[in-house]
$ cat model.cif   # mmCIF, C-alpha atoms
data_query
#
loop_
_atom_site.label_atom_id
_atom_site.label_comp_id
_atom_site.auth_asym_id
_atom_site.auth_seq_id
_atom_site.Cartn_x
_atom_site.Cartn_y
_atom_site.Cartn_z
CA MET E 82 320.67 59.18 100.00
CA LYS E 83 322.54 58.19 103.13
CA GLU E 84 319.27 57.15 104.71
CA PHE E 85 318.51 54.95 101.72
CA PHE E 86 321.85 53.17 102.05
CA THR E 87 321.40 52.54 105.75
CA THR E 88 317.98 51.02 105.01
CA VAL E 89 319.51 48.81 102.33
CA ILE E 90 322.23 47.64 104.70
CA SER E 91 319.76 46.90 107.47
CA TYR E 92 317.70 44.77 105.04
CA ARG E 93 320.74 43.07 103.50
CA PHE E 94 319.64 39.48 104.13
CA GLU E 95 316.17 39.95 102.73
CA ILE E 96 317.55 41.75 99.67
CA ALA E 97 320.12 38.99 99.12
CA ALA E 98 317.35 36.42 99.38
CA MET E 99 315.22 38.21 96.77
CA VAL E 100 318.16 38.62 94.38
CA LEU E 101 319.02 34.92 94.76
CA PHE E 102 315.40 34.08 94.05
CA GLY E 103 315.57 36.14 90.87
CA ILE E 104 318.82 34.45 89.78
CA GLY E 105 317.32 31.02 90.36
CA PHE E 106 314.08 31.91 88.59
CA ILE E 107 315.70 33.32 85.46
CA ASN E 108 317.99 30.30 85.21
CA LEU E 109 315.00 28.02 85.61
CA LEU E 110 313.37 29.75 82.65
CA LEU E 111 316.37 30.15 80.35
CA GLN E 112 318.62 27.13 80.87
CA ARG E 113 318.06 24.28 78.42
CA ASN E 114 320.09 21.71 80.34
CA LEU E 115 317.72 19.94 82.74
CA ILE E 116 320.33 19.47 85.48
CA ARG E 117 321.03 23.19 85.43
CA LYS E 118 317.31 23.75 85.79
CA ILE E 119 317.36 21.60 88.93
CA ILE E 120 320.32 23.55 90.32
CA ALA E 121 318.43 26.78 89.64
CA PHE E 122 315.47 25.35 91.50
CA ASN E 123 317.74 24.60 94.47
CA VAL E 124 319.05 28.17 94.41
CA MET E 125 315.46 29.37 94.67
CA ASP E 126 314.88 27.03 97.62
CA SER E 127 317.96 28.35 99.38
CA SER E 128 316.81 31.93 98.93
CA VAL E 129 313.53 31.09 100.64
CA PHE E 130 315.42 29.47 103.54
CA LEU E 131 317.62 32.55 103.88
CA PHE E 132 314.55 34.77 103.95
CA LEU E 133 312.83 32.66 106.62
CA ALA E 134 315.94 32.48 108.79
CA ALA E 135 316.38 36.26 108.50
CA GLN E 136 312.78 36.80 109.62
CA GLY E 137 313.39 34.76 112.76
CA TYR E 138 316.54 36.60 113.80
CA ILE E 139 316.38 39.21 116.55
CA GLN E 140 319.31 41.55 117.14
CA GLY E 141 321.43 40.72 120.17
CA ARG E 142 319.71 37.47 121.11
CA ILE E 143 321.13 33.95 121.07
CA ALA E 144 320.12 30.66 119.46
CA PRO E 145 317.22 28.91 121.17
CA MET E 146 319.11 26.54 123.47
CA ILE E 147 318.38 27.11 127.14
CA VAL E 148 321.54 28.47 128.77
CA ASN E 149 321.95 28.62 132.57
CA GLY E 150 318.26 28.04 133.16
CA ASP E 151 317.33 31.39 131.63
CA LEU E 152 313.73 30.99 130.53
CA SER E 153 312.79 34.54 129.57
CA ALA E 154 311.67 34.98 125.97
CA ALA E 155 313.82 38.11 125.67
CA THR E 156 317.03 36.04 125.60
CA TYR E 157 316.42 33.86 122.56
CA ILE E 158 315.57 34.36 118.91
CA ASN E 159 312.32 33.09 117.44
CA PRO E 160 312.49 29.26 117.12
CA ILE E 161 309.56 28.86 114.73
CA PRO E 162 311.25 29.97 111.45
CA SER E 163 314.12 27.57 112.25
CA GLY E 164 311.67 24.70 112.41
CA LEU E 165 310.05 25.81 109.16
CA VAL E 166 313.44 25.94 107.41
CA LEU E 167 314.10 22.38 108.58
CA THR E 168 310.85 21.24 106.95
CA GLY E 169 311.72 23.14 103.80
CA ILE E 170 315.18 21.59 103.50
CA VAL E 171 313.78 18.08 103.75
CA VAL E 172 311.19 18.74 101.07
CA SER E 173 313.77 20.40 98.82
CA VAL E 174 316.12 17.41 99.09
CA SER E 175 313.31 14.97 98.29
CA VAL E 176 312.11 16.97 95.31
CA SER E 177 315.65 17.34 93.91
CA ALA E 178 316.24 13.61 94.18
CA PHE E 179 312.97 12.90 92.40
CA PHE E 180 313.84 15.39 89.63
CA LEU E 181 317.26 13.82 89.18
CA ALA E 182 315.73 10.36 88.89
CA LEU E 183 313.33 11.64 86.24
CA VAL E 184 316.21 13.23 84.34
CA GLN E 185 318.10 9.95 84.41
CA ARG E 186 315.11 8.15 82.93
CA LEU E 187 314.79 10.83 80.25
CA TYR E 188 318.48 10.46 79.44
CA LYS E 189 318.12 6.70 79.14
CA LYS E 190 315.22 7.12 76.74
CA TYR E 191 316.37 10.00 74.58
CA GLY E 192 320.15 10.10 75.07
CA THR E 193 320.19 13.80 75.89
CA ILE E 194 319.28 16.13 78.74
CA ASP E 195 318.69 19.15 76.56
CA PHE E 196 315.08 20.17 77.08
CA ASP E 197 314.45 21.40 73.53
CA GLU E 198 315.94 18.29 71.96
CA ILE E 199 313.86 16.06 74.22
CA MET E 200 310.73 17.95 73.22
CA THR E 201 311.57 17.62 69.52
CA LEU E 202 312.28 13.89 69.84
CA ALA E 203 309.13 13.30 71.84
CA LYS E 204 307.03 15.16 69.29
CA LYS E 205 308.54 13.13 66.49
CA GLU E 206 307.76 9.94 68.41
CA ALA E 207 304.15 10.94 68.89
CA GLU E 208 303.61 11.48 65.17
CA MET O 96 348.73 32.79 70.87
CA SER O 97 350.71 29.59 70.50
CA LYS O 98 349.10 26.48 69.14
CA LYS O 99 349.60 24.52 72.34
CA SER O 100 347.81 26.93 74.61
CA ARG O 101 344.94 27.13 72.20
CA LEU O 102 344.72 23.35 72.26
CA PHE O 103 344.73 23.45 76.05
CA ARG O 104 341.98 26.03 76.05
CA SER O 105 339.79 24.04 73.70
CA HIS O 106 340.30 20.95 75.89
CA PHE O 107 339.53 22.99 78.98
CA ARG O 108 336.35 24.31 77.41
CA ALA O 109 335.31 20.79 76.43
CA TRP O 110 335.98 19.65 79.99
CA LEU O 111 333.82 22.46 81.37
CA ALA O 112 331.01 21.47 79.05
CA GLY O 113 331.32 17.88 80.25
CA GLU O 114 332.24 16.52 76.84
CA GLU O 115 335.73 15.39 77.71
CA MET O 116 337.63 14.09 80.73
CA PRO O 117 341.09 15.40 81.60
CA LEU O 118 342.67 11.95 81.93
CA ARG O 119 343.76 9.28 79.55
CA GLU O 120 341.05 7.06 78.12
CA ARG O 121 342.02 3.92 80.01
CA HIS O 122 341.47 5.37 83.47
CA VAL O 123 338.34 7.20 82.67
CA ARG O 124 334.94 6.15 83.85
CA THR O 125 332.42 8.35 82.17
CA LEU O 126 328.68 8.10 82.02
CA HIS O 127 327.72 5.55 79.44
CA LYS O 128 326.81 7.62 76.42
CA LYS O 129 323.88 6.46 74.46
CA PRO O 130 324.40 6.97 70.74
CA HIS O 131 322.82 10.31 70.48
CA GLU O 132 320.45 10.82 67.62
CA ARG O 133 320.30 14.55 67.31
CA PRO O 134 317.07 15.76 65.85
CA GLU O 135 317.65 16.91 62.30
CA PRO O 136 318.25 20.61 62.21
CA VAL O 137 314.91 22.18 61.56
CA PRO O 138 314.88 24.26 58.43
CA GLU O 139 315.32 27.84 59.54
CA ASP O 140 311.82 28.77 60.43
CA VAL O 141 311.30 32.45 60.97
CA ARG O 142 308.34 31.84 63.22
CA ILE O 143 310.23 29.48 65.56
CA ASN O 144 313.16 31.83 65.76
CA ARG O 145 310.85 34.71 66.53
CA PHE O 146 309.15 32.65 69.22
CA ILE O 147 312.47 31.75 70.87
CA HIS O 148 313.49 35.38 70.81
CA LEU O 149 310.17 36.45 72.29
CA TYR O 150 310.45 33.74 74.96
CA HIS O 151 313.87 34.93 76.08
CA VAL O 152 312.82 38.56 76.22
CA SER O 153 309.60 37.82 78.10
CA ALA O 154 311.38 35.48 80.53
CA VAL O 155 313.85 38.22 81.43
CA LEU O 156 311.03 40.72 81.74
CA VAL O 157 308.94 38.48 84.00
CA ALA O 158 311.92 37.67 86.23
CA VAL O 159 312.92 41.33 86.52
CA CYS O 160 309.34 42.31 87.36
CA ILE O 161 309.07 39.63 90.05
CA VAL O 162 312.37 40.66 91.62
CA ALA O 163 311.35 44.33 91.51
CA VAL O 164 308.05 43.61 93.26
CA LEU O 165 309.81 41.45 95.86
CA LEU O 166 312.47 44.09 96.52
CA TYR O 167 309.76 46.74 96.85
CA THR O 168 308.03 44.51 99.42
CA VAL O 169 311.25 44.00 101.37
CA PHE O 170 311.38 47.68 102.26
CA HIS O 171 307.94 47.46 103.84
CA LEU O 172 308.83 44.54 106.09
CA PRO O 173 309.40 45.07 109.81
CA LEU O 174 312.99 46.13 110.43
CA PHE O 175 315.52 43.27 110.27
CA GLY O 176 316.38 41.98 113.73
CA SER O 177 313.77 43.99 115.57
CA ALA O 178 312.04 42.39 118.55
CA ASN O 179 308.66 43.79 117.49
CA ASN O 180 308.55 41.59 114.41
CA PRO O 181 304.97 40.22 114.25
CA ALA O 182 306.48 36.76 113.68
CA SER O 183 307.78 36.66 117.26
CA ASN O 184 304.34 36.56 118.86
CA GLU O 185 302.94 34.75 121.86
CA VAL O 186 303.46 31.33 120.21
CA ALA O 187 307.24 31.74 120.14
CA GLN O 188 307.14 33.17 123.66
CA ARG O 189 305.17 30.18 124.91
CA TYR O 190 307.57 27.70 123.24
CA ILE O 191 310.57 29.37 124.90
CA GLU O 192 309.09 29.94 128.35
CA GLN O 193 307.23 26.64 128.80
CA GLY O 194 309.19 24.44 126.40
CA LEU O 195 311.76 23.15 128.86
CA GLU O 196 309.13 22.35 131.45
CA GLU O 197 306.65 20.69 129.09
CA THR O 198 308.96 18.78 126.74
CA GLY O 199 312.15 18.50 128.79
CA ALA O 200 314.32 19.44 125.78
CA VAL O 201 317.09 22.00 126.21
CA ASN O 202 317.10 22.59 122.47
CA ILE O 203 313.86 24.48 121.97
CA VAL O 204 313.71 23.81 118.23
CA SER O 205 313.95 20.06 118.88
CA GLY O 206 311.29 20.29 121.55
CA MET O 207 309.10 22.21 119.13
CA ILE O 208 309.39 19.97 116.08
CA LEU O 209 309.38 16.63 117.93
CA ASP O 210 306.86 17.36 120.65
CA TYR O 211 304.45 20.20 119.92
CA ARG O 212 304.63 19.66 116.18
CA ALA O 213 305.58 15.99 116.04
CA PHE O 214 302.79 15.27 113.61
CA ASP O 215 304.31 17.70 111.14
CA THR O 216 307.72 16.03 111.49
CA PHE O 217 306.10 12.65 110.91
CA GLY O 218 304.80 14.09 107.65
CA GLU O 219 308.31 15.21 106.77
CA SER O 220 309.73 11.74 107.32
CA ASN O 221 306.96 10.41 105.13
CA VAL O 222 307.89 12.91 102.42
CA LEU O 223 311.39 11.40 102.47
CA PHE O 224 309.88 7.91 102.38
CA LEU O 225 307.68 8.83 99.42
CA ALA O 226 310.66 10.37 97.62
CA ILE O 227 312.77 7.25 98.03
CA ALA O 228 309.77 5.13 96.98
CA SER O 229 309.27 7.10 93.79
CA VAL O 230 313.00 7.09 93.00
CA LEU O 231 312.90 3.31 93.53
CA MET O 232 310.02 2.99 91.09
CA LEU O 233 311.85 5.05 88.50
CA LEU O 234 315.35 3.67 88.77
CA LEU O 235 315.36 0.21 90.38
CA ARG O 236 316.73 -2.37 87.95
CA ASP O 237 314.17 -5.10 88.14
CA ARG O 238 312.46 -7.30 85.61
CA ASN O 239 310.72 -4.43 83.88
CA ASN O 240 313.72 -2.16 83.77
CA ILE O 241 316.67 -4.03 82.42
CA VAL O 242 318.76 -3.01 79.45
CA LEU O 243 321.34 -5.50 78.32
CA GLU O 244 323.85 -2.99 77.07
CA GLU O 245 323.73 -1.17 80.41
CA ASP O 246 324.60 -4.36 82.26
CA VAL O 247 327.52 -4.95 79.94
CA HIS O 248 328.68 -1.42 80.59
CA GLU O 249 328.28 -1.93 84.34
CA ALA O 250 330.39 -5.11 84.26
CA HIS O 251 333.02 -3.23 82.26
CA GLU O 252 333.07 -0.52 84.92
CA ARG O 253 333.57 -3.09 87.67
CA VAL O 254 336.59 -4.45 85.81
CA ILE O 255 338.10 -0.98 85.51
CA GLU O 256 337.36 -0.37 89.19
CA LYS O 257 339.17 -3.57 90.19
CA ALA O 258 342.14 -2.79 87.99
CA ASN O 259 342.61 0.76 89.27
CA GLU O 260 342.54 0.46 93.03
CA ASP O 261 342.38 3.86 94.63
CA VAL O 262 344.82 3.54 97.54
CA ILE O 263 344.66 7.12 98.75
CA LEU O 264 340.88 7.17 98.85
CA LYS O 265 340.77 3.87 100.73
CA ARG O 266 343.32 4.90 103.34
CA VAL O 267 341.62 8.24 103.92
CA ALA O 268 338.22 6.56 104.11
CA ASN O 269 339.64 4.13 106.68
CA ILE O 270 340.37 7.04 108.98
CA VAL O 271 337.53 9.38 108.14
CA VAL O 272 334.46 7.13 107.81
CA PRO O 273 334.38 5.92 111.46
CA CYS O 274 334.74 9.51 112.65
CA ILE O 275 331.92 10.68 110.39
CA LEU O 276 329.61 7.88 111.52
CA LEU O 277 330.46 8.46 115.18
CA PHE O 278 329.84 12.19 114.81
CA GLY O 279 326.53 11.45 113.13
CA VAL O 280 325.49 9.22 116.02
CA TYR O 281 326.56 11.93 118.47
CA VAL O 282 324.51 14.58 116.68
CA VAL O 283 321.44 12.32 116.62
CA LEU O 284 321.71 11.33 120.29
CA ASN O 285 322.28 14.93 121.43
CA GLY O 286 319.44 16.37 119.38
CA HIS O 287 317.53 17.48 122.48
CA LEU O 288 320.58 18.95 124.22
CA SER O 289 322.53 20.79 121.55
CA PRO O 290 322.19 21.95 117.96
CA GLY O 291 321.45 18.97 115.77
CA GLY O 292 318.87 16.23 115.76
CA GLY O 293 317.59 13.51 113.53
CA PHE O 294 317.71 15.31 110.21
CA SER O 295 321.22 16.75 110.48
CA GLY O 296 322.71 13.67 112.16
CA GLY O 297 321.02 11.39 109.66
CA SER O 298 322.47 13.30 106.72
CA ILE O 299 325.94 13.10 108.29
CA MET O 300 325.62 9.33 108.67
CA GLY O 301 324.31 9.03 105.13
CA GLY O 302 327.31 11.01 103.89
CA GLY O 303 329.66 8.64 105.74
CA LEU O 304 327.95 5.62 104.16
CA ILE O 305 328.23 7.20 100.71
CA LEU O 306 331.95 7.84 101.23
CA PHE O 307 332.40 4.22 102.28
CA ALA O 308 330.54 3.00 99.21
CA VAL O 309 332.62 5.23 96.94
CA SER O 310 335.95 4.06 98.33
CA TYR O 311 335.29 0.36 98.94
CA GLY O 312 332.71 -0.36 96.29
CA PRO O 313 329.04 -1.22 96.65
CA GLU O 314 329.73 -4.92 97.29
CA ARG O 315 331.34 -4.16 100.64
CA VAL O 316 328.38 -2.04 101.70
CA LYS O 317 326.00 -4.79 100.65
CA THR O 318 327.54 -7.18 103.19
CA PHE O 319 326.02 -5.19 106.05
CA PHE O 320 323.52 -2.87 104.38
CA GLY O 321 321.51 -4.62 101.72
CA TRP O 322 318.04 -4.18 100.36
CA LYS O 323 316.45 -6.17 103.22
CA THR O 324 318.20 -4.16 105.93
CA PHE O 325 317.26 -0.95 104.17
CA ARG O 326 313.62 -1.92 104.01
CA ALA O 327 313.52 -3.15 107.60
CA ILE O 328 315.18 -0.02 108.99
CA VAL O 329 313.09 2.51 107.08
CA VAL O 330 309.73 0.83 107.66
CA GLY O 331 310.57 -0.09 111.25
CA ALA O 332 311.68 3.43 112.14
CA LEU O 333 308.60 5.01 110.59
CA LEU O 334 306.29 2.53 112.34
CA CYS O 335 308.07 3.08 115.65
CA TYR O 336 307.66 6.85 115.25
CA ALA O 337 303.98 6.51 114.37
CA LEU O 338 303.15 4.12 117.22
CA SER O 339 305.00 5.97 119.96
CA LYS O 340 303.58 9.32 118.93
CA ALA O 341 300.09 7.86 118.52
CA TYR O 342 300.32 6.64 122.11
CA ALA O 343 301.39 10.08 123.30
CA PHE O 344 298.66 11.83 121.33
CA PHE O 345 295.99 9.37 122.49
CA THR O 346 296.83 9.72 126.16
CA GLY O 347 297.30 13.47 125.82
CA ALA O 348 293.97 14.04 124.09
CA ASN O 349 292.07 11.92 126.61
CA GLY O 350 293.72 13.48 129.64
CA LEU O 351 295.35 10.22 130.72
CA GLU O 352 298.76 9.90 132.25
CA ASN O 353 301.25 8.73 129.65
CA HIS O 354 303.92 7.26 131.96
CA ILE O 355 306.78 8.70 129.94
CA PRO O 356 309.20 10.37 132.37
CA LEU O 357 310.65 13.69 131.24
CA GLY O 358 313.83 13.21 133.25
CA THR O 359 316.31 15.87 134.28
CA PRO O 360 316.83 18.47 131.58
CA GLY O 361 320.36 18.18 130.24
CA ALA O 362 320.78 14.45 130.85
CA ILE O 363 321.09 12.25 127.80
CA LEU O 364 318.11 10.10 128.82
CA SER O 365 315.61 12.88 129.19
CA ALA O 366 312.96 14.76 127.28
CA GLY O 367 310.51 11.89 127.08
CA LEU O 368 309.97 10.59 123.57
CA ILE O 369 312.20 13.11 121.80
CA LEU O 370 315.33 10.95 121.95
CA LEU O 371 313.50 7.94 120.49
CA LEU O 372 311.90 10.04 117.76
CA ASP O 373 315.27 11.61 116.93
CA ILE O 374 316.79 8.15 116.49
CA CYS O 375 313.91 7.06 114.24
CA VAL O 376 314.18 10.17 112.08
CA GLY O 377 317.97 9.87 111.94
CA LEU O 378 317.77 6.26 110.72
CA VAL O 379 315.20 7.14 108.06
CA VAL O 380 317.25 10.11 106.82
CA ALA O 381 320.55 8.17 106.74
CA CYS O 382 318.99 5.28 104.81
CA THR O 383 317.24 7.64 102.41
CA MET O 384 320.39 9.63 101.65
CA TYR O 385 322.36 6.48 100.92
CA GLY O 386 319.41 5.09 98.97
CA PHE O 387 319.27 8.16 96.72
CA TYR O 388 322.98 7.81 96.00
CA ALA O 389 322.86 4.08 95.35
CA LEU O 390 319.78 4.23 93.15
CA ILE O 391 320.92 7.14 91.04
CA ASN O 392 324.39 5.64 90.73
CA ARG O 393 323.67 1.95 90.09
CA GLY O 394 319.92 1.39 90.16
CA GLU O 395 320.01 -0.93 93.15
CA ILE O 396 320.53 -0.75 96.90
#
$ encode --input "model.cif" --output "structure tokens"
Amino acid sequence: MKEFFTTVISYRFEIAAMVLFGIGFINLLLQRNLIRKIIAFNVMDSSVFLFLAAQGYIQGRIAPMIVNGDLSAATYINPIPSGLVLTGIVVSVSVSAFFLALVQRLYKKYGTIDFDEIMTLAKKEAE
Amino acid sequence: MSKKSRLFRSHFRAWLAGEEMPLRERHVRTLHKKPHERPEPVPEDVRINRFIHLYHVSAVLVAVCIVAVLLYTVFHLPLFGSANNPASNEVAQRYIEQGLEETGAVNIVSGMILDYRAFDTFGESNVLFLAIASVLMLLLRDRNNIVLEEDVHEAHERVIEKANEDVILKRVANIVVPCILLFGVYVVLNGHLSPGGGFSGGSIMGGGLILFAVSYGPERVKTFFGWKTFRAIVVGALLCYALSKAYAFFTGANGLENHIPLGTPGAILSAGLILLLDICVGLVVACTMYGFYALINRGEI
């Protein structure tokens, strides 16, 4: 049992990332308010960033800025996941902005941001 | 429970749900509410109700299953923080050991994303450009997208804005906005020397611009940052990025000398093209952030 808990604590960041992903995913499925869906989507994004950053971390090493001309790879953490997270953040911001613009258009057309109501109204329009 | 506290609670609940504002009517600027035609309540259909029930149950089940599988996988990952993680392979080693010499950037992440992987970062800037372009298409108030009642509402809002001048916000913005912009410029210009770079510095500058627009009104921002400036900066920065990097790639691929000095590591004018690229990216990001705000808020830049 004690061994299990030490494993859990050593994997805390990855576990937190997975739980956050689950929270975001279930909100994405169950919320009817479109803006809440977007927020849930952002929570999922953040969990992926947390996971990537945790994969790049190495115990006892420092951030990848050259200090005192020390060029040995054993001093710094892995810089590649940091770069990937940067890419991910940019894409997440762009996608959120696009979603929000779409929601604004939907609100202007239907007067509501409730997904079910929009679907009902759209169906009625199509008939 | 007394009647008053119950009233307060119902108001509070309405405020949480976004149906009510906690101030008096006259000061309140709320989103213009379109008369909302609720769909007629569907006659209680057993099948629909059963479907909704089934959907909720299956959604919870699917999410729980996914999280369980992911958590199971986590325990088979290499140990957190271990140096033997397969992700830290010879690529990372090469970036750290040769990065300073080959790119001249003290910040290895900057050197990586703006030199070794500059093409990828160019794609990222283009993603931002595409996002602002699509938001423009959706929300810009032009000939095809004008609703009279919205314009009336907008004019009404301006009047309220003029009548209720926000002194505290303006005074605070007076002090804070220059600091924010200066810090943003610092972060952009020191991208190759310290944590930061085009993306973070650009978002800081965009945040400063948004604060300025909120406190002084969009008309003041338009005097120095209008639609033409926006277009010129975004397109110019992207073109500058593309041309300078195309030159570097062309000379690099053909084994020519590219005449771009790397400089002394640690000096502000060093690291070859990275400083220029950082400035380009920072400008694009700042403009895009402000553009998102302005378009979603008012439908114009």
$ resolve_selection --input "model.cif" --expression "the PyMOL selection byres ((chain E and resi 180) around 10)" --output "NGL selection string"
(:E and (115-116 or 118-119 or 174-179 or 181-186)) or (:O and (226 or 230))
$ interface_residues --input "model.cif" --of "chain E" --to "chain O" --cutoff "8 Å" --atoms "all atoms listed in the file" --output "CSV table (one decimal) with C-alpha atoms, in the frame of the given file"
chain,number,residue,atom,x,y,z
E,88,THR,CA,318.0,51.0,105.0
E,91,SER,CA,319.8,46.9,107.5
E,92,TYR,CA,317.7,44.8,105.0
E,95,GLU,CA,316.2,40.0,102.7
E,96,ILE,CA,317.6,41.8,99.7
E,99,MET,CA,315.2,38.2,96.8
E,100,VAL,CA,318.2,38.6,94.4
E,102,PHE,CA,315.4,34.1,94.0
E,103,GLY,CA,315.6,36.1,90.9
E,106,PHE,CA,314.1,31.9,88.6
E,107,ILE,CA,315.7,33.3,85.5
E,110,LEU,CA,313.4,29.8,82.6
E,111,LEU,CA,316.4,30.2,80.4
E,135,ALA,CA,316.4,36.3,108.5
E,136,GLN,CA,312.8,36.8,109.6
E,137,GLY,CA,313.4,34.8,112.8
E,138,TYR,CA,316.5,36.6,113.8
E,139,ILE,CA,316.4,39.2,116.6
E,140,GLN,CA,319.3,41.6,117.1
E,145,PRO,CA,317.2,28.9,121.2
E,146,MET,CA,319.1,26.5,123.5
E,147,ILE,CA,318.4,27.1,127.1
E,152,LEU,CA,313.7,31.0,130.5
E,153,SER,CA,312.8,34.5,129.6
E,154,ALA,CA,311.7,35.0,126.0
E,157,TYR,CA,316.4,33.9,122.6
E,159,ASN,CA,312.3,33.1,117.4
E,160,PRO,CA,312.5,29.3,117.1
E,161,ILE,CA,309.6,28.9,114.7
E,163,SER,CA,314.1,27.6,112.2
E,164,GLY,CA,311.7,24.7,112.4
E,168,THR,CA,310.8,21.2,107.0
E,171,VAL,CA,313.8,18.1,103.8
E,172,VAL,CA,311.2,18.7,101.1
E,175,SER,CA,313.3,15.0,98.3
E,176,VAL,CA,312.1,17.0,95.3
E,178,ALA,CA,316.2,13.6,94.2
E,179,PHE,CA,313.0,12.9,92.4
E,181,LEU,CA,317.3,13.8,89.2
E,182,ALA,CA,315.7,10.4,88.9
E,183,LEU,CA,313.3,11.6,86.2
E,185,GLN,CA,318.1,10.0,84.4
E,186,ARG,CA,315.1,8.2,82.9
E,189,LYS,CA,318.1,6.7,79.1
E,191,TYR,CA,316.4,10.0,74.6
E,192,GLY,CA,320.2,10.1,75.1
E,193,THR,CA,320.2,13.8,75.9
E,198,GLU,CA,315.9,18.3,72.0
E,201,THR,CA,311.6,17.6,69.5
E,202,LEU,CA,312.3,13.9,69.8
$ closest_residue --input "model.cif" --among "O:Phe319, O:Asn285, O:His171, O:Glu395" --to "Val89 in chain E" --atoms "only C-alpha atoms"
O:His171
$ atom_distance --input "model.cif" --atom1 "CA of Val316 in chain O" --atom2 "CA of Arg238 in chain O"
23.2 Å
$ resolve_selection --input "model.cif" --expression "the PyMOL selection byres ((chain E and resi 123) around 10)" --output "list in words"
Phe102, Gly105, Leu109, Arg117, Lys118, Ile119, Ile120, Ala121, Phe122, Val124, Met125, Asp126, Ser127, Ser128, Val129, Ile170, Ser173, Val174, Val176 and Ser177 of chain E
